[in-house]
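A short write-up of the structure that comes next.
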Amino acid sequence: MSEKTLVKIQNCSIKDLYRTYLTKIDWQMNVGEAWLVIGPNGGGKAEFLKGLSGFYDIVPNEGSGRDGDSDSEGKYFSDFEKSVAIVSLEVAARLIEEERERDESEILNKEDIGRTGRQYICEVLGGSSKKNAPLPPIAARLETLPEVKLCGVEKILDRGLKHMSTGEIRRTLLCRSLLSGSRLLILSDPFAGLDAESRRILLEFFDTIAKRQLSGSDEKTFPRIILCMERFHEIPESINRVLEFSDRKISFCGDRNEYEKILSEKNREDEARRKIERETFLANLRKIHEESGVINDEINAQPLPDSLIKFEDVNVGWDEHKVLVDLNWNVLPGEHWLIRGPNGSGKTTMLELITGDNMQVFREKITLFGKRRGTGETIWDIKKQLGIVSYRLHVEYRMVGQTDLTEVIVSGFHDSIGLYETATDMENALARQWLSLGGFKGREHELFGSLSYGEQRAILILRAAVKQPRVLILDEPCHGLDENYRSKILDLLETVAETGTTTLLHVTHDPSEVLPCEKHVLELCPGQNPMYKIFA
């Protein structure tokens, strides 16, 4: 084995005890290379990365040994075995699932904040994951560590993981991974959902590490990095090699410049095709929308209130941390809102006050669909009028991953996580139409848990839109979506807005995802007085 070779996969399969995910994989990583792994949702890149991390097995084909000499024999060598960490949306979701399982709020009769960022990071520095375990001595000086400063988590170390924003929890995962001593770090779609400052921090971090990789440096201060992206978007200049997966096989492996030339030509061809596909897509969507209106007649038949959502001097926080301060906000029917602000500014908290996932709603003056919260309406009365796509919902649905895709879509009519009553023929028929519209034709009986993270997110967006809700809440809806799904979903959301029956509340950090219909903007400004701005 060459001294410059760090990983060599030759004629190998990637599998676990139950199934084979990828066959005949050939790839090699050498010193002086900075790799990007890319490809469409469900194309195979997620399984490849799980193989590199040890979550799945990389097995040489043809029954050969790991160090076989024949070029046709399977070979596998990794200089990083058992020293690999992944930072991804999926890993973050699993962490939140753990926190929910460990929650003892009901036993304690008060809120259990769970593990803090300090406790979680210290688990790889001599600490313990056991509840109430003492912290190691280094915990008192975490703020001084360069890895903590590099990831920008000094101010959130003592916040509970479940109170962190999506961007904050992923920066915490990155910090822990750096301090774990892992020699290979896989960053999967790291910029998704991050505000401008967090993106800047992460780009600087990546370029610092990648430049060492390109120079062939043997420094052990930081690990080597592989970047994985859903789209060829915001790719750091230091990336010089690209590995693309499509249809569960390698579709490109080589130099970045060569890949960009191929991608440019492909994009020109796709643009012409997408124009035709978009027209067909929108026509089919309008037809389905007309038919699905029959399902939600109970709500649509009621007159719209003058105000859909109203916040009056709303204050929310925990301990000494203030999230929302004196917030006044009024959403009228047909006013589509873009909600923006830095990570941790309170965007998700504000949406959870609407969905009922934050119990502080009952002490504040919040009116939904003409009724003050806490005056007798049930959460189901509220949810009948809402469609929701959020990180929290995604985590909850991952916990019932054995639900098939038809049932997931039908559950949108019943506002349930999973389906607990028999679907009508009309609901099943509409679910199949929505799945076909979203690119899942023929996959109706696949299990939600078997899909890639991006495919799961696309399914949840279809679920949220299926019943024509009065308000559609979208908290970073395009997380984990490749270019194909992303363009379809944005088209879907714009068309839903055009129907006039649904008002959108849309959180995103990506300017390219802002919809033309979003003429009203609520911007949260933590630390300022007032802590928000409204542009309308």
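By order of appearance in the structure tokens: chains A, B, ..., then residues from 1 within every chain, and ligands from 1 in the order shown.
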What are the closest atom pairs, with distances in Å to one decimal, for all residues of range 148-262 of chain A lying within 10 Å of range 50-58 of chain A? Consider only C-alpha atoms, order rows by chain and residue number, and present the result as JSON lines.
```
{"residue": "A:Leu184", "atom": "CA", "partner": "A:Ser53", "partner_atom": "CA", "distance": 8.7}
{"residue": "A:Leu185", "atom": "CA", "partner": "A:Ser53", "partner_atom": "CA", "distance": 9.0}
{"residue": "A:Ile186", "atom": "CA", "partner": "A:Ser53", "partner_atom": "CA", "distance": 8.2}
```
Compile the contact shell of Gly334 in chain A as a PyMOL selection string: residues with an atom at most 8 Å away, counting only C-alpha atoms, same-chain residues fewer than 5 positions apart removed.
chain A and resi 497+500-503
Please save C-alpha atoms of the selected residues as a short mmCIF file (atom, residue, chain, number, x, y, z; two decimals), in the first residue's frame.
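Saved the output as out-v3.cif:
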```
data_model
loop_
_atom_site.label_atom_id
_atom_site.label_comp_id
_atom_site.auth_asym_id
_atom_site.auth_seq_id
_atom_site.Cartn_x
_atom_site.Cartn_y
_atom_site.Cartn_z
CA ALA A 497 -49.76 30.30 -2.08
CA GLY A 500 -55.56 31.91 -1.98
CA THR A 501 -56.67 29.35 0.62
CA THR A 502 -53.32 28.98 2.42
CA THR A 503 -51.06 31.58 4.08
#
```
Fewer than 6 positions away in the same chain doesn't count, so skip those; otherwise give me all residues within 12 Å of Ile262 in chain A, counting only C-alpha atoms, as number ranges by chain.
A: 242, 244, 251-256, 268-269
Need the shell around Leu393 in chain A: protein/DNA/RNA residues with any atom at most 12 Å away, counting only C-alpha atoms. Skip same-chain ones fewer than 3 positions apart. Format as a ChimeraX atom specification?
/A:93,96-97,348,352,355,357,387-390,396-400,412,415-418,456-457,459-461,463-464,473-477
Nearest to Lys149 in chain A by atom-to-atom distance, counting only C-alpha atoms, from A:Tyr391, A:Glu320, A:Phe535, A:Cys175:
A:Cys175
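Between CA of Ile156 in chain A and CA of Leu173 in chain A lies a distance of 12.5 Å.
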Selection: 12 Å around Asn428 in chain A, only C-alpha atoms, excl. self and same-chain fewer than 3 positions, as an mmCIF file with N, CA, C and O atoms, in the first residue's frame:
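Written out: around-v6.cif:
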```cif
data_model
loop_
_atom_site.group_PDB
_atom_site.id
_atom_site.type_symbol
_atom_site.label_atom_id
_atom_site.label_comp_id
_atom_site.auth_asym_id
_atom_site.auth_seq_id
_atom_site.Cartn_x
_atom_site.Cartn_y
_atom_site.Cartn_z
ATOM 1 N N SER A 292 -58.501 17.562 -3.525
ATOM 2 C CA SER A 292 -58.239 17.400 -2.092
ATOM 3 C C SER A 292 -59.056 18.371 -1.251
ATOM 4 O O SER A 292 -59.210 18.182 -0.051
ATOM 5 N N ILE A 295 -61.673 16.938 1.056
ATOM 6 C CA ILE A 295 -61.270 16.338 2.332
ATOM 7 C C ILE A 295 -61.401 17.334 3.475
ATOM 8 O O ILE A 295 -61.796 16.995 4.582
ATOM 9 N N ASP A 404 -45.553 3.402 6.324
ATOM 10 C CA ASP A 404 -45.257 3.482 4.890
ATOM 11 C C ASP A 404 -45.651 4.861 4.352
ATOM 12 O O ASP A 404 -46.339 5.645 5.015
ATOM 13 N N LEU A 405 -45.197 5.167 3.130
ATOM 14 C CA LEU A 405 -45.301 6.527 2.618
ATOM 15 C C LEU A 405 -46.748 6.959 2.388
ATOM 16 O O LEU A 405 -47.096 8.132 2.607
ATOM 17 N N THR A 406 -47.592 6.042 1.957
ATOM 18 C CA THR A 406 -49.004 6.387 1.791
ATOM 19 C C THR A 406 -49.607 6.820 3.124
ATOM 20 O O THR A 406 -50.325 7.825 3.209
ATOM 21 N N GLU A 407 -49.298 6.072 4.182
ATOM 22 C CA GLU A 407 -49.842 6.404 5.500
ATOM 23 C C GLU A 407 -49.303 7.739 6.009
ATOM 24 O O GLU A 407 -50.013 8.484 6.694
ATOM 25 N N VAL A 408 -48.031 8.036 5.690
ATOM 26 C CA VAL A 408 -47.467 9.326 6.111
ATOM 27 C C VAL A 408 -48.260 10.472 5.487
ATOM 28 O O VAL A 408 -48.638 11.437 6.170
ATOM 29 N N ILE A 409 -48.528 10.376 4.180
ATOM 30 C CA ILE A 409 -49.275 11.436 3.509
ATOM 31 C C ILE A 409 -50.695 11.531 4.070
ATOM 32 O O ILE A 409 -51.190 12.624 4.374
ATOM 33 N N VAL A 410 -51.375 10.386 4.239
ATOM 34 C CA VAL A 410 -52.745 10.392 4.763
ATOM 35 C C VAL A 410 -52.786 10.976 6.174
ATOM 36 O O VAL A 410 -53.749 11.661 6.551
ATOM 37 N N SER A 411 -51.726 10.756 6.957
ATOM 38 C CA SER A 411 -51.709 11.289 8.327
ATOM 39 C C SER A 411 -51.800 12.807 8.341
ATOM 40 O O SER A 411 -52.192 13.409 9.338
ATOM 41 N N GLY A 412 -51.435 13.449 7.220
ATOM 42 C CA GLY A 412 -51.571 14.900 7.124
ATOM 43 C C GLY A 412 -53.010 15.359 7.201
ATOM 44 O O GLY A 412 -53.294 16.467 7.665
ATOM 45 N N PHE A 413 -53.944 14.510 6.765
ATOM 46 C CA PHE A 413 -55.367 14.844 6.878
ATOM 47 C C PHE A 413 -55.849 14.754 8.327
ATOM 48 O O PHE A 413 -56.840 15.374 8.705
ATOM 49 N N LEU A 419 -50.311 6.862 11.409
ATOM 50 C CA LEU A 419 -51.734 6.773 11.098
ATOM 51 C C LEU A 419 -52.389 5.755 12.022
ATOM 52 O O LEU A 419 -51.974 4.597 12.076
ATOM 53 N N THR A 422 -58.349 3.987 10.003
ATOM 54 C CA THR A 422 -58.393 3.484 8.642
ATOM 55 C C THR A 422 -58.607 4.631 7.656
ATOM 56 O O THR A 422 -59.514 5.451 7.813
ATOM 57 N N ALA A 423 -57.747 4.687 6.637
ATOM 58 C CA ALA A 423 -57.859 5.728 5.620
ATOM 59 C C ALA A 423 -59.030 5.433 4.693
ATOM 60 O O ALA A 423 -59.341 4.275 4.403
ATOM 61 N N THR A 424 -59.680 6.479 4.217
ATOM 62 C CA THR A 424 -60.755 6.300 3.247
ATOM 63 C C THR A 424 -60.149 6.064 1.858
ATOM 64 O O THR A 424 -58.966 6.343 1.619
ATOM 65 N N ASP A 425 -60.971 5.568 0.942
ATOM 66 C CA ASP A 425 -60.504 5.357 -0.430
ATOM 67 C C ASP A 425 -60.053 6.680 -1.053
ATOM 68 O O ASP A 425 -59.055 6.726 -1.786
ATOM 69 N N ALA A 431 -53.382 10.503 -1.641
ATOM 70 C CA ALA A 431 -52.011 10.287 -1.172
ATOM 71 C C ALA A 431 -51.140 9.762 -2.310
ATOM 72 O O ALA A 431 -49.996 10.212 -2.491
ATOM 73 N N ARG A 432 -51.676 8.820 -3.092
ATOM 74 C CA ARG A 432 -50.902 8.270 -4.212
ATOM 75 C C ARG A 432 -50.622 9.350 -5.264
ATOM 76 O O ARG A 432 -49.527 9.396 -5.845
ATOM 77 N N GLN A 433 -51.598 10.224 -5.477
ATOM 78 C CA GLN A 433 -51.390 11.304 -6.447
ATOM 79 C C GLN A 433 -50.304 12.271 -5.975
ATOM 80 O O GLN A 433 -49.466 12.719 -6.762
ATOM 81 N N TRP A 434 -50.331 12.609 -4.682
ATOM 82 C CA TRP A 434 -49.306 13.507 -4.138
ATOM 83 C C TRP A 434 -47.925 12.860 -4.193
ATOM 84 O O TRP A 434 -46.931 13.524 -4.493
ATOM 85 N N LEU A 435 -47.845 11.566 -3.913
ATOM 86 C CA LEU A 435 -46.559 10.869 -3.985
ATOM 87 C C LEU A 435 -46.026 10.869 -5.408
ATOM 88 O O LEU A 435 -44.824 11.078 -5.645
ATOM 89 N N GLU A 444 -45.022 3.731 -2.964
ATOM 90 C CA GLU A 444 -46.052 4.016 -1.974
ATOM 91 C C GLU A 444 -45.936 3.189 -0.706
ATOM 92 O O GLU A 444 -46.328 3.624 0.383
ATOM 93 N N HIS A 445 -45.394 1.980 -0.812
ATOM 94 C CA HIS A 445 -45.349 1.080 0.346
ATOM 95 C C HIS A 445 -43.957 0.993 0.979
ATOM 96 O O HIS A 445 -43.733 0.166 1.862
ATOM 97 N N VAL A 466 -51.061 18.621 1.920
ATOM 98 C CA VAL A 466 -52.109 17.787 1.341
ATOM 99 C C VAL A 466 -53.527 18.238 1.677
ATOM 100 O O VAL A 466 -54.447 18.065 0.890
#
```
Restricting the calculation to only C-alpha atoms, which member of A:Lys131, A:Asn41, A:Lys467, A:Ser264 is positioned closest to Glu104 in chain A?
A:Lys131
Give me the residues near range 122-124 of chain A as a ChimeraX atom specification, where near means some atom within 7 Å (using only C-alpha atoms) and where sequence neighbours in that chain fewer than 5 positions away do not count.
/A:129,139,179-180
For His163 in chain A, work out the shell of residues within 9 Å, counting only C-alpha atoms and skipping chain neighbours fewer than 2 positions away, then give it as a PyMOL selection string.
chain A and resi 113+159-161+165+169+344+349
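Of the listed residues A:Thr208, A:Thr403, A:Arg278, A:His506, the one whose atoms come nearest to Tyr420 in chain A is A:Thr403, with distances taken using only C-alpha atoms.
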From the list A:Leu451, A:Gly167, A:Glu483, A:Leu524, the nearest residue to His233 in chain A using only C-alpha atoms is A:Glu483
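Here CA of Val395 in chain A is placed at a distance of 10.3 Å from CA of Glu98 in chain A.
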Per DSSP on the backbone, filter range 163-206 of chain A down to the residues in strand (DSSP E or B) and report them as a ChimeraX atom specification.
/A:184-188
